[in-house]
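Novice: You'll find entry_36.pdb just under this line, and it carries PDB, C-alpha atoms.
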MODEL        1
ATOM      1  CA  MET H  64       1.415 -12.240   2.034  1.00  0.00           C
ATOM      2  CA  VAL H  65      -2.003 -11.662   3.470  1.00  0.00           C
ATOM      3  CA  VAL H  66      -4.902 -13.811   2.346  1.00  0.00           C
ATOM      4  CA  GLY H  67      -8.477 -12.814   3.187  1.00  0.00           C
ATOM      5  CA  ALA H  68     -11.161 -15.472   3.388  1.00  0.00           C
ATOM      6  CA  GLY H  69     -14.857 -15.804   2.622  1.00  0.00           C
ATOM      7  CA  ASP H  70     -16.623 -12.596   1.701  1.00  0.00           C
ATOM      8  CA  GLU H  71     -13.700 -10.468   2.799  1.00  0.00           C
ATOM      9  CA  ALA H  72     -11.695  -8.709   0.121  1.00  0.00           C
ATOM     10  CA  GLU H  73      -8.850 -10.972  -0.879  1.00  0.00           C
ATOM     11  CA  VAL H  74      -5.430  -9.375  -0.801  1.00  0.00           C
ATOM     12  CA  LEU H  75      -2.476 -11.272  -2.206  1.00  0.00           C
ATOM     13  CA  CYS H  76       0.780  -9.386  -2.325  1.00  0.00           C
ATOM     14  CA  TRP H  77       4.215 -10.117  -3.728  1.00  0.00           C
ATOM     15  CA  SER H  78       7.168  -7.923  -2.804  1.00  0.00           C
ATOM     16  CA  GLY H  79       9.695  -9.145  -5.363  1.00  0.00           C
ATOM     17  CA  GLU H  80      11.279  -7.525  -8.393  1.00  0.00           C
ATOM     18  CA  PRO H  81      10.417  -6.677 -11.062  1.00  0.00           C
ATOM     19  CA  ALA H  82       7.087  -5.259  -9.979  1.00  0.00           C
ATOM     20  CA  PRO H  83       4.375  -7.315 -11.676  1.00  0.00           C
ATOM     21  CA  ARG H  84       1.948  -5.802 -14.165  1.00  0.00           C
ATOM     22  CA  SER H  85      -1.737  -5.710 -13.248  1.00  0.00           C
ATOM     23  CA  TYR H  86      -2.639  -8.725 -15.419  1.00  0.00           C
ATOM     24  CA  GLN H  87       0.178 -10.700 -13.759  1.00  0.00           C
ATOM     25  CA  VAL H  88      -1.220  -9.846 -10.332  1.00  0.00           C
ATOM     26  CA  GLU H  89      -4.684 -10.967 -11.449  1.00  0.00           C
ATOM     27  CA  ALA H  90      -3.322 -14.250 -12.841  1.00  0.00           C
ATOM     28  CA  PHE H  91      -1.369 -14.792  -9.602  1.00  0.00           C
ATOM     29  CA  ARG H  92      -4.512 -14.254  -7.533  1.00  0.00           C
ATOM     30  CA  GLN H  93      -6.486 -16.640  -9.745  1.00  0.00           C
ATOM     31  CA  VAL H  94      -3.855 -19.384  -9.379  1.00  0.00           C
ATOM     32  CA  CYS H  95      -3.886 -18.935  -5.600  1.00  0.00           C
ATOM     33  CA  ARG H  96      -7.678 -19.408  -5.546  1.00  0.00           C
ATOM     34  CA  GLN H  97      -7.977 -22.451  -7.831  1.00  0.00           C
ATOM     35  CA  ASN H  98      -6.294 -24.622 -10.438  1.00  0.00           C
ATOM     36  CA  THR H  99      -5.620 -22.367 -13.393  1.00  0.00           C
ATOM     37  CA  ILE H 100      -4.103 -22.406 -16.862  1.00  0.00           C
ATOM     38  CA  VAL H 101      -2.349 -19.106 -17.537  1.00  0.00           C
ATOM     39  CA  ASN H 102      -2.406 -18.511 -21.287  1.00  0.00           C
ATOM     40  CA  LEU H 103      -0.289 -15.527 -22.315  1.00  0.00           C
ATOM     41  CA  ASP H 104       1.854 -14.817 -25.346  1.00  0.00           C
ATOM     42  CA  THR H 105       5.616 -15.232 -25.188  1.00  0.00           C
ATOM     43  CA  GLY H 106       7.334 -12.402 -23.341  1.00  0.00           C
ATOM     44  CA  LEU H 107       4.359 -11.367 -21.214  1.00  0.00           C
ATOM     45  CA  GLY H 108       5.718 -12.720 -17.938  1.00  0.00           C
ATOM     46  CA  LYS H 109       4.318 -16.178 -17.276  1.00  0.00           C
ATOM     47  CA  THR H 110       7.534 -17.141 -15.491  1.00  0.00           C
ATOM     48  CA  LEU H 111       7.216 -14.197 -13.113  1.00  0.00           C
ATOM     49  CA  ILE H 112       3.644 -15.254 -12.355  1.00  0.00           C
ATOM     50  CA  ALA H 113       4.945 -18.756 -11.615  1.00  0.00           C
ATOM     51  CA  VAL H 114       7.576 -17.369  -9.211  1.00  0.00           C
ATOM     52  CA  MET H 115       4.941 -15.274  -7.453  1.00  0.00           C
ATOM     53  CA  CYS H 116       2.800 -18.386  -7.030  1.00  0.00           C
ATOM     54  CA  MET H 117       5.767 -20.467  -5.842  1.00  0.00           C
ATOM     55  CA  ASP H 118       6.557 -17.893  -3.187  1.00  0.00           C
ATOM     56  CA  HIS H 119       2.946 -17.907  -2.040  1.00  0.00           C
ATOM     57  CA  PHE H 120       2.678 -21.687  -1.822  1.00  0.00           C
ATOM     58  CA  LEU H 121       6.097 -22.028  -0.162  1.00  0.00           C
ATOM     59  CA  SER H 122       4.901 -19.522   2.467  1.00  0.00           C
ATOM     60  CA  LEU H 123       1.687 -21.453   3.064  1.00  0.00           C
ATOM     61  CA  ALA H 124       3.355 -24.865   3.210  1.00  0.00           C
ATOM     62  CA  PRO H 125       7.119 -24.519   3.720  1.00  0.00           C
ATOM     63  CA  ASP H 126       7.608 -28.285   4.071  1.00  0.00           C
ATOM     64  CA  LYS H 127       5.989 -29.039   0.719  1.00  0.00           C
ATOM     65  CA  LYS H 128       7.632 -28.950  -2.698  1.00  0.00           C
ATOM     66  CA  VAL H 129       7.019 -26.977  -5.867  1.00  0.00           C
ATOM     67  CA  ILE H 130       7.385 -28.896  -9.127  1.00  0.00           C
ATOM     68  CA  VAL H 131       8.006 -27.151 -12.463  1.00  0.00           C
ATOM     69  CA  GLY H 132       7.871 -29.208 -15.652  1.00  0.00           C
ATOM     70  CA  VAL H 133       9.364 -27.818 -18.854  1.00  0.00           C
ATOM     71  CA  LYS H 134      10.028 -29.164 -22.334  1.00  0.00           C
ATOM     72  CA  THR H 135      13.819 -28.840 -22.834  1.00  0.00           C
ATOM     73  CA  THR H 136      17.084 -28.973 -20.908  1.00  0.00           C
ATOM     74  CA  GLN H 137      17.745 -25.347 -21.862  1.00  0.00           C
ATOM     75  CA  LEU H 138      14.405 -24.323 -20.308  1.00  0.00           C
ATOM     76  CA  VAL H 139      15.217 -26.297 -17.153  1.00  0.00           C
ATOM     77  CA  ARG H 140      18.352 -24.232 -16.616  1.00  0.00           C
ATOM     78  CA  GLN H 141      16.678 -20.954 -17.647  1.00  0.00           C
ATOM     79  CA  GLN H 142      13.684 -21.451 -15.349  1.00  0.00           C
ATOM     80  CA  ALA H 143      15.813 -22.651 -12.410  1.00  0.00           C
ATOM     81  CA  HIS H 144      18.050 -19.593 -12.730  1.00  0.00           C
ATOM     82  CA  PHE H 145      15.078 -17.208 -12.952  1.00  0.00           C
ATOM     83  CA  ILE H 146      13.372 -18.763  -9.926  1.00  0.00           C
ATOM     84  CA  GLN H 147      16.552 -18.638  -7.840  1.00  0.00           C
ATOM     85  CA  GLY H 148      17.129 -15.018  -8.816  1.00  0.00           C
ATOM     86  CA  HIS H 149      13.596 -13.698  -8.339  1.00  0.00           C
ATOM     87  CA  SER H 150      12.051 -15.582  -5.432  1.00  0.00           C
ATOM     88  CA  VAL H 151      11.486 -13.424  -2.368  1.00  0.00           C
ATOM     89  CA  HIS H 152      12.331 -16.386  -0.113  1.00  0.00           C
ATOM     90  CA  SER H 153      15.925 -16.554   1.021  1.00  0.00           C
ATOM     91  CA  HIS H 154      15.366 -20.255   1.768  1.00  0.00           C
ATOM     92  CA  VAL H 155      14.386 -21.217  -1.803  1.00  0.00           C
ATOM     93  CA  ARG H 156      16.568 -24.081  -3.000  1.00  0.00           C
ATOM     94  CA  VAL H 157      16.144 -25.026  -6.637  1.00  0.00           C
ATOM     95  CA  LEU H 158      17.217 -28.337  -8.150  1.00  0.00           C
ATOM     96  CA  ASP H 159      17.359 -28.664 -11.909  1.00  0.00           C
ATOM     97  CA  LEU H 160      16.477 -32.138 -13.128  1.00  0.00           C
ATOM     98  CA  THR H 161      17.559 -33.360 -16.522  1.00  0.00           C
ATOM     99  CA  GLY H 162      18.029 -36.916 -17.694  1.00  0.00           C
ATOM    100  CA  LYS H 163      21.778 -36.675 -17.057  1.00  0.00           C
ATOM    101  CA  SER H 164      21.567 -35.072 -13.594  1.00  0.00           C
ATOM    102  CA  VAL H 165      19.199 -37.598 -12.016  1.00  0.00           C
ATOM    103  CA  GLN H 166      19.924 -40.892 -10.307  1.00  0.00           C
ATOM    104  CA  TRP H 167      17.091 -43.377 -10.235  1.00  0.00           C
ATOM    105  CA  ASN H 168      17.381 -44.696  -6.704  1.00  0.00           C
ATOM    106  CA  GLN H 169      15.521 -44.018  -3.464  1.00  0.00           C
ATOM    107  CA  ASP H 170      18.557 -42.650  -1.591  1.00  0.00           C
ATOM    108  CA  TRP H 171      19.277 -39.976  -4.208  1.00  0.00           C
ATOM    109  CA  TRP H 172      15.643 -38.784  -4.222  1.00  0.00           C
ATOM    110  CA  PHE H 173      15.416 -38.873  -0.423  1.00  0.00           C
ATOM    111  CA  GLN H 174      18.440 -36.551  -0.221  1.00  0.00           C
ATOM    112  CA  ALA H 175      17.043 -34.285  -2.946  1.00  0.00           C
ATOM    113  CA  LEU H 176      13.722 -33.977  -1.106  1.00  0.00           C
ATOM    114  CA  GLN H 177      15.561 -33.143   2.109  1.00  0.00           C
ATOM    115  CA  HIS H 178      17.693 -30.381   0.558  1.00  0.00           C
ATOM    116  CA  TYR H 179      15.520 -28.734  -2.129  1.00  0.00           C
ATOM    117  CA  ASN H 180      12.043 -27.212  -2.171  1.00  0.00           C
ATOM    118  CA  VAL H 181      11.699 -26.361  -5.871  1.00  0.00           C
ATOM    119  CA  PHE H 182      12.273 -29.000  -8.544  1.00  0.00           C
ATOM    120  CA  VAL H 183      12.573 -27.827 -12.144  1.00  0.00           C
ATOM    121  CA  GLY H 184      12.789 -30.627 -14.652  1.00  0.00           C
ATOM    122  CA  ILE H 185      12.024 -31.980 -18.034  1.00  0.00           C
ATOM    123  CA  ALA H 186       8.433 -33.180 -17.880  1.00  0.00           C
ATOM    124  CA  GLU H 187       9.397 -36.777 -18.715  1.00  0.00           C
ATOM    125  CA  VAL H 188      11.893 -36.890 -15.818  1.00  0.00           C
ATOM    126  CA  LEU H 189       9.250 -35.561 -13.429  1.00  0.00           C
ATOM    127  CA  LYS H 190       6.703 -38.089 -14.697  1.00  0.00           C
ATOM    128  CA  LYS H 191       9.147 -40.932 -14.080  1.00  0.00           C
ATOM    129  CA  ALA H 192       9.952 -39.603 -10.594  1.00  0.00           C
ATOM    130  CA  MET H 193       6.318 -39.120  -9.603  1.00  0.00           C
ATOM    131  CA  VAL H 194       4.322 -41.722 -11.517  1.00  0.00           C
ATOM    132  CA  ASP H 195       6.669 -44.517 -12.549  1.00  0.00           C
ATOM    133  CA  HIS H 196       8.878 -44.691  -9.431  1.00  0.00           C
ATOM    134  CA  GLY H 197       6.890 -42.812  -6.766  1.00  0.00           C
ATOM    135  CA  PHE H 198       9.952 -40.932  -5.501  1.00  0.00           C
ATOM    136  CA  ILE H 199       7.855 -37.748  -5.218  1.00  0.00           C
ATOM    137  CA  ARG H 200       4.308 -38.244  -3.918  1.00  0.00           C
ATOM    138  CA  SER H 201       1.447 -35.842  -4.621  1.00  0.00           C
ATOM    139  CA  GLU H 202       0.932 -35.115  -0.912  1.00  0.00           C
ATOM    140  CA  GLN H 203       4.495 -33.745  -0.821  1.00  0.00           C
ATOM    141  CA  VAL H 204       3.673 -31.124  -3.476  1.00  0.00           C
ATOM    142  CA  SER H 205       1.939 -27.785  -2.926  1.00  0.00           C
ATOM    143  CA  LEU H 206       2.196 -26.448  -6.490  1.00  0.00           C
ATOM    144  CA  LEU H 207       2.676 -28.042  -9.909  1.00  0.00           C
ATOM    145  CA  VAL H 208       3.600 -25.740 -12.789  1.00  0.00           C
ATOM    146  CA  LEU H 209       3.590 -27.120 -16.332  1.00  0.00           C
ATOM    147  CA  ASP H 210       5.285 -24.787 -18.776  1.00  0.00           C
ATOM    148  CA  GLU H 211       3.689 -25.073 -22.197  1.00  0.00           C
ATOM    149  CA  CYS H 212       1.071 -27.401 -20.729  1.00  0.00           C
ATOM    150  CA  HIS H 213      -0.334 -28.122 -24.187  1.00  0.00           C
ATOM    151  CA  HIS H 214       2.840 -30.232 -24.702  1.00  0.00           C
ATOM    152  CA  ALA H 215       2.668 -31.996 -21.312  1.00  0.00           C
TER     153      ALA H 215
ENDMDL
END
Output the file's structure in the form of structure tokens.
Specialist:
Amino acid sequence: MVVGAGDEAEVLCWSGEPAPRSYQVEAFRQVCRQNTIVNLDTGLGKTLIAVMCMDHFLSLAPDKKVIVGVKTTQLVRQQAHFIQGHSVHSHVRVLDLTGKSVQWNQDWWFQALQHYNVFVGIAEVLKKAMVDHGFIRSEQVSLLVLDECHHA
């Protein structure tokens, strides 16, 4: 990915499949510039936009984590599978976090942070990990994606 700065024309590219539609590219570029809510109808490719953004932020800060909060266990698995299958990074390691898959101790989270760079979880699990217990700190995160953010 090439990012121009200042008054230069900004070029953000993504080489993955499927090829994004023009509105997905524009949403991707907007997210890369500033905090953004992407509001599109179901089936218009918000998840692909999220993967494009994850790839960009993982390239910029490979030691930082990407957090994806979703509403249901089914969506955790669906999103984790899509991310793993569509990321252009061969080093992407996705951990799906549901109430049953998580252990609430420092050692478990330390190991998870060492081995994974994308965390997909039920929003409540992520809140507990980040806010209630402090296992994931904001300075460790380069991108936070909230699926259906009106429910978050």
Novice: Distance table requested - region 158-201 of chain H against region 95-119 of chain H, cut-off 12 Å, only C-alpha atoms: one row per qualifying residue with the closest atom pair and its distance in Å to one decimal, ordered by chain and rising residue number, as CSV.
Specialist:
residue,atom,partner,partner_atom,distance
H:Asn180,CA,H:Met117,CA,9.9
H:Val181,CA,H:Met117,CA,8.4
H:Phe182,CA,H:Met117,CA,11.1
H:Val183,CA,H:Met117,CA,11.8
Novice: Mind running region 108-175 of chain H against region 196-206 of chain H at 6 Å and telling me each contacting residue's nearest atom pair with the distance in Å (one decimal), counting only C-alpha atoms, chain and number ascending, as a Markdown table?
Specialist:
| residue | atom | partner | partner_atom | distance |
| --- | --- | --- | --- | --- |
| H:Lys127 | CA | H:Gln203 | CA | 5.2 |
| H:Lys128 | CA | H:Val204 | CA | 4.6 |
| H:Val129 | CA | H:Leu206 | CA | 4.9 |
Novice: Write out as a list in words which residues come within 8 Å of Gln147 (chain H) when counting all atoms listed in the file, dropping same-chain ones fewer than 6 positions away.
Specialist: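 Skipping anything fewer than 6 positions along the chain leaves Val155, Arg156 and Val157 of chain H.
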Novice: Using C-alpha atoms, can you write the selected residues to a file as a compact mmCIF listing (two decimals), in the coordinates of the input?
Specialist:
# COMPACT_ATOMS: atom_id res chain seq x y z
CA VAL H 155 14.39 -21.22 -1.80
CA ARG H 156 16.57 -24.08 -3.00
CA VAL H 157 16.14 -25.03 -6.64
Novice: Measuring between only C-alpha atoms, which one of H:Cys76, H:Leu189, H:Ala124, H:Leu158 shows the shortest distance to Gln142 (chain H)?
Specialist: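 Selected residue with least distance to Gln142 (chain H): H:Leu158.
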Novice: Report the centre and edge lengths, in Å to one decimal, of an axis-aligned box enclosing every atom of region 156-172 of chain H listed in the file, padded by 6 Å on each side, as AutoDock Vina command-line options.
Specialist:
--center_x 18.6 --center_y -34.4 --center_z -9.6 --size_x 18.3 --size_y 32.6 --size_z 28.1
Novice: Give me, as a ChimeraX atom specification, all polymer residues having an atom no more than 10 Å from Thr161 (chain H), counting all atoms listed in the file and skipping those fewer than 6 positions away in the same chain.
Specialist: /H:135-137,139-140,183-189
Novice: Which residue, H:Pro83, H:His154, H:Lys163, H:Leu138, has the smallest gap to His178 (chain H) when you use all atoms listed in the file?
Specialist: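 Closest to His178 (chain H) of all the choices is H:His154.
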Novice: Have a look at H:Val165, H:Met193, H:Val151, H:Val208 and name the one nearest to Pro81 (chain H); count all atoms listed in the file.
Specialist: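 Smallest distance to Pro81 (chain H) is found for H:Val151.
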Novice: At what distance in Å, to one decimal, does CA of Val133 (chain H) lie from CA of Asp210 (chain H)?
Specialist: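 Atom-to-atom, CA of Asp210 (chain H) to CA of Val133 (chain H), that is 5.1 Å.
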Novice: Taking into account all atoms listed in the file, which residue in the set H:Val88, H:Gln166, H:Ala192, H:Trp77 is nearest to His152 (chain H)?
Specialist: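 Nearest candidate to His152 (chain H) out of H:Val88, H:Gln166, H:Ala192, H:Trp77: H:Trp77.
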Novice: One number please: CA of His149 (chain H) to CA of Gly79 (chain H), in Å, one decimal.
Specialist: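 Those two atoms sit 6.7 Å apart.
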Novice: Do you have the CA of Gln169 (chain H)-CA of Ala143 (chain H) distance handy?
Specialist: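 Answer for the CA of Gln169 (chain H) to CA of Ala143 (chain H) separation: 23.2 Å.
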Novice: With distances taken over all atoms listed in the file, which residue among H:Trp172, H:Tyr179, H:Leu75, H:Ala90 lies nearest Ile130 (chain H)?
Specialist: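 Smallest distance to Ile130 (chain H) is found for H:Tyr179.
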Novice: Export region 197-209 of chain H from the structure block above, keeping all heavy atoms, as a tab-separated table (two decimals), in the first residue's frame.
Specialist:
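Here's the written file part.tsv:
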chain	number	residue	atom	x	y	z
H	197	GLY	N	-8.61	-4.93	31.65
H	197	GLY	CA	-7.39	-4.30	31.13
H	197	GLY	C	-6.41	-5.27	30.49
H	197	GLY	O	-5.22	-4.97	30.40
H	198	PHE	N	-6.89	-6.41	30.02
H	198	PHE	CA	-6.01	-7.38	29.37
H	198	PHE	C	-5.51	-6.86	28.02
H	198	PHE	O	-4.40	-7.17	27.60
H	198	PHE	CB	-6.70	-8.73	29.16
H	198	PHE	CG	-7.03	-9.45	30.44
H	198	PHE	CD1	-8.25	-10.09	30.58
H	198	PHE	CD2	-6.12	-9.52	31.49
H	198	PHE	CE1	-8.56	-10.78	31.74
H	198	PHE	CE2	-6.42	-10.20	32.65
H	198	PHE	CZ	-7.65	-10.83	32.78
H	199	ILE	N	-6.35	-6.10	27.32
H	199	ILE	CA	-5.96	-5.45	26.07
H	199	ILE	C	-6.04	-3.95	26.32
H	199	ILE	O	-7.08	-3.43	26.72
H	199	ILE	CB	-6.90	-5.82	24.90
H	199	ILE	CG1	-6.94	-7.34	24.69
H	199	ILE	CG2	-6.47	-5.11	23.62
H	199	ILE	CD1	-7.98	-7.79	23.66
H	200	ARG	N	-4.93	-3.26	26.09
H	200	ARG	CA	-4.87	-1.81	26.33
H	200	ARG	C	-5.02	-1.07	24.99
H	200	ARG	O	-4.59	-1.56	23.95
H	200	ARG	CB	-3.57	-1.44	27.02
H	200	ARG	CG	-3.43	-2.06	28.41
H	200	ARG	CD	-2.14	-1.66	29.11
H	200	ARG	NE	-0.96	-1.61	28.26
H	200	ARG	CZ	-0.20	-2.66	27.95
H	200	ARG	NH1	-0.50	-3.86	28.40
H	200	ARG	NH2	0.87	-2.51	27.20
H	201	SER	N	-5.57	0.11	25.03
H	201	SER	CA	-5.83	0.87	23.80
H	201	SER	C	-4.57	1.12	23.00
H	201	SER	O	-4.60	1.12	21.77
H	201	SER	CB	-6.54	2.19	24.12
H	201	SER	OG	-5.75	2.99	24.96
H	202	GLU	N	-3.43	1.31	23.65
H	202	GLU	CA	-2.19	1.56	22.91
H	202	GLU	C	-1.69	0.32	22.17
H	202	GLU	O	-0.80	0.42	21.33
H	202	GLU	CB	-1.10	2.13	23.82
H	202	GLU	CG	-0.66	1.22	24.94
H	202	GLU	CD	-1.43	1.43	26.24
H	202	GLU	OE1	-2.48	2.09	26.25
H	202	GLU	OE2	-0.96	0.90	27.26
H	203	GLN	N	-2.28	-0.83	22.44
H	203	GLN	CA	-1.92	-2.06	21.73
H	203	GLN	C	-2.76	-2.24	20.46
H	203	GLN	O	-2.52	-3.16	19.69
H	203	GLN	CB	-2.13	-3.28	22.63
H	203	GLN	CG	-1.23	-3.34	23.83
H	203	GLN	CD	-1.61	-4.46	24.76
H	203	GLN	OE1	-2.68	-4.45	25.38
H	203	GLN	NE2	-0.74	-5.45	24.85
H	204	VAL	N	-3.73	-1.38	20.24
H	204	VAL	CA	-4.71	-1.54	19.17
H	204	VAL	C	-4.52	-0.48	18.10
H	204	VAL	O	-4.43	0.70	18.39
H	204	VAL	CB	-6.15	-1.46	19.75
H	204	VAL	CG1	-7.19	-1.58	18.64
H	204	VAL	CG2	-6.36	-2.52	20.82
H	205	SER	N	-4.48	-0.92	16.83
H	205	SER	CA	-4.39	0.03	15.73
H	205	SER	C	-5.74	0.30	15.07
H	205	SER	O	-5.93	1.34	14.47
H	205	SER	CB	-3.40	-0.47	14.66
H	205	SER	OG	-3.85	-1.67	14.08
H	206	LEU	N	-6.67	-0.66	15.19
H	206	LEU	CA	-7.97	-0.51	14.54
H	206	LEU	C	-9.02	-1.22	15.38
H	206	LEU	O	-8.82	-2.36	15.81
H	206	LEU	CB	-7.94	-1.11	13.13
H	206	LEU	CG	-9.25	-1.07	12.33
H	206	LEU	CD1	-9.66	0.37	11.99
H	206	LEU	CD2	-9.11	-1.89	11.04
H	207	LEU	N	-10.14	-0.54	15.60
H	207	LEU	CA	-11.30	-1.11	16.28
H	207	LEU	C	-12.47	-1.06	15.32
H	207	LEU	O	-12.84	0.02	14.84
H	207	LEU	CB	-11.61	-0.31	17.55
H	207	LEU	CG	-12.88	-0.70	18.31
H	207	LEU	CD1	-12.78	-2.13	18.84
H	207	LEU	CD2	-13.14	0.28	19.44
H	208	VAL	N	-13.04	-2.22	15.03
H	208	VAL	CA	-14.19	-2.33	14.14
H	208	VAL	C	-15.37	-2.81	14.98
H	208	VAL	O	-15.28	-3.84	15.65
H	208	VAL	CB	-13.93	-3.34	13.00
H	208	VAL	CG1	-15.17	-3.51	12.13
H	208	VAL	CG2	-12.73	-2.92	12.16
H	209	LEU	N	-16.46	-2.05	14.95
H	209	LEU	CA	-17.68	-2.46	15.65
H	209	LEU	C	-18.74	-2.75	14.61
H	209	LEU	O	-19.25	-1.84	13.96
H	209	LEU	CB	-18.15	-1.36	16.61
H	209	LEU	CG	-17.17	-1.01	17.72
H	209	LEU	CD1	-17.68	0.18	18.51
H	209	LEU	CD2	-16.91	-2.20	18.61
